[in-house]
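The next block holds one structure in the form of structure tokens; read it before the comments.
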Amino acid sequence: MQVKPIRRITGGAVQYDGAGVKLVRVIGYHDVKEFDPFLMLDAFDATDPKDYVKGFPWHPHRGIETVTYLIEGEIEHGDSMGNSGTIDDGCCQWMTGGSGIIHQEMPKPSNLMLGTQLWINLPQKDKMTVPAYRDIRSSQIPVVTGEGKEVRIISGTYEGVEGPEQGDYVRTLYLDVKLEMGTEFTLTLDPGHTLFIYLVRGSVHTDGQEVPYHRAILFGEGDTLSLKAGDEGARIFLYSAKPLGEPIAWAGPIVMNTREELALAQRELQNGTFIKHK
């Protein structure tokens with residue numbers, strides 16, 4: 001057993017995206033090599049609806065998957081394939097942008113908007129796959145409990161229990177972990193996979209450090225994650241997957257492998273041929 005050390009801690013920066021949504025970009029464009037295959041993580045934690053109600057009006061995606069998970073809040077959404085619906089407390093939207101999709105996400109006023117949107121890169125061979133949309137309701141997410149801990153399995157497998165998703169293109173472990181004060185949490189993982197956690201609430205002790213909430217921890221080599229919750233407990237999102245190791249060409253909501261592919265996508269947006277499947 002080799003316990004994973006801290007490789008990097010990032011707190012992200014407050015940014016405004018969409019039509020003026022205040023968020024924290026925990027990881028982004030400059031982090032892709034270290035966090036491969038994860039491209040971006042945006043965190044929402046707001047009690048003032050003015051911070052987010054302007055939302056994310058119609059915009060395109062190609063070459064990635066977006067995974068939006070809310071602990072609390074409500075987001076209405078629609079897309080060019082005719083899908084529409086609502087993400088609310090404890091629910092997740094897993095969208096494969098693939099060859100191209102245009103969608104919008106419009107948060108509704110609530111007492112608390114708390115959650116994240118994760119971008120997962122698609123492998124080069126799957127960049128132009130048929131777009132897909134999966135609506136994961138809270139009742140579909142299994143919960144594993146133990147002494148001082150509660151683990152919701154959004155994707156992947158934990159303690160022999162499978163989540164509603166595995167990741168069709170990038171097999172992804174995505175856990176929502178709640179730990180009571182002083183609770184220890186260990187997990188054995190493939191040492192060749194990228195692993196990072198985002199602290200939603202509380203703090204954790206790991207690798208001789210205490211790390212507070214609103215931070216992400218990228219872990220280094222090893223096969224075992226070892227955490228201990230701080231005095232206020234901890235709420236953690238955990239993400240792990242095998243790196244793709246492929247070139248990345250990224251412009252806004254489109255992530256391809258070459259600049260030529262990006263230029264083609266831009267031309268197709270302008271001439272109305274971006275959407276390949278409806």
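Note on naming: chains are A, B, ... as they come in the structure tokens, residues start from 1 per chain, ligands start from 1 in the order shown.
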Between range 89-189 of chain A and range 196-204 of chain A, at 10 Å or less, what are the per-residue closest atom pairs and their distances in Å? Count only C-alpha atoms, order by chain and rising residue number, and return it as a tab-separated table.
```
residue	atom	partner	partner_atom	distance
A:Leu114	CA	A:Val200	CA	8.5
A:Gly115	CA	A:Val200	CA	8.2
A:Thr116	CA	A:Val200	CA	9.4
A:Tyr174	CA	A:Ile197	CA	9.6
A:Leu175	CA	A:Ile197	CA	9.3
A:Asp176	CA	A:Val200	CA	9.6
A:Val177	CA	A:Leu199	CA	9.6
A:Lys178	CA	A:Arg201	CA	9.1
A:Leu179	CA	A:Gly202	CA	9.2
A:Glu180	CA	A:Gly202	CA	9.6
A:Met181	CA	A:Gly202	CA	9.0
A:Gly182	CA	A:Val204	CA	8.8
A:Thr183	CA	A:Val204	CA	9.5
A:Glu184	CA	A:Val204	CA	9.3
A:Phe185	CA	A:Val204	CA	9.8
```
For Gly78 in chain A, work out the shell of residues within 10 Å, counting only C-alpha atoms and skipping chain neighbours fewer than 3 positions away, then give it as a PyMOL selection string. chain A and resi 57-58+81-86+102-106
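The residue that comes closest to Arg137 in chain A, out of A:Glu210, A:Asp88, A:Glu159, A:Glu165 and on the basis of only C-alpha atoms, is A:Asp88.
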Mind the document's chain letters and residue numbers, and return as a PyMOL selection string the residues of range 13-96 of chain A that DSSP labels helix (DSSP H, G or I). chain A and resi 29-35+49-51
Could you tell me how far CA of Ile120 in chain A sits from CA of Phe38 in chain A, in Å to one decimal place?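 CA of Phe38 in chain A sits 4.7 Å away from CA of Ile120 in chain A.
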Need the shell around range 239-244 of chain A: protein/DNA/RNA residues with any atom at most 8 Å away, counting only C-alpha atoms. Skip same-chain ones fewer than 3 positions apart. Format as number ranges by chain? A: 35-37, 123, 170-175, 192-197
Using only C-alpha atoms, the residue out of A:Ala46, A:Val21, A:Ala263, A:Cys92 with shortest distance to Ser110 in chain A is A:Ala46
So, with only C-alpha atoms as the atoms that count, which of A:Ile9, A:Leu264, A:Leu238, A:Ile75 lies closest to Gly156 in chain A?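 Once distances to Gly156 in chain A are computed over only C-alpha atoms, the minimum belongs to A:Leu238.
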With distances taken over only C-alpha atoms, which residue among A:Leu70, A:Val24, A:Ile141, A:Val32 lies nearest Glu246 in chain A?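 Using only C-alpha atoms, Glu246 in chain A sits closest to A:Val32.
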Taking the DSSP assignment computed from this structure's backbone, write out as JSON, numbers by chain all residues of range 106-208 of chain A that belong to strand (DSSP E). {"A": [106, 107, 113, 114, 115, 116, 117, 118, 119, 120, 121, 132, 133, 134, 135, 136, 143, 144, 145, 146, 149, 150, 151, 152, 153, 154, 155, 157, 158, 161, 162, 172, 173, 174, 175, 176, 177, 178, 179, 184, 185, 186, 187, 188, 194, 195, 196, 197, 198, 199, 200, 201, 202, 203, 204, 205, 206]}
If you measure from CA of Ile236 in chain A to CA of Ala216 in chain A, what distance in Å do you get, rounded to one decimal? 9.5 Å
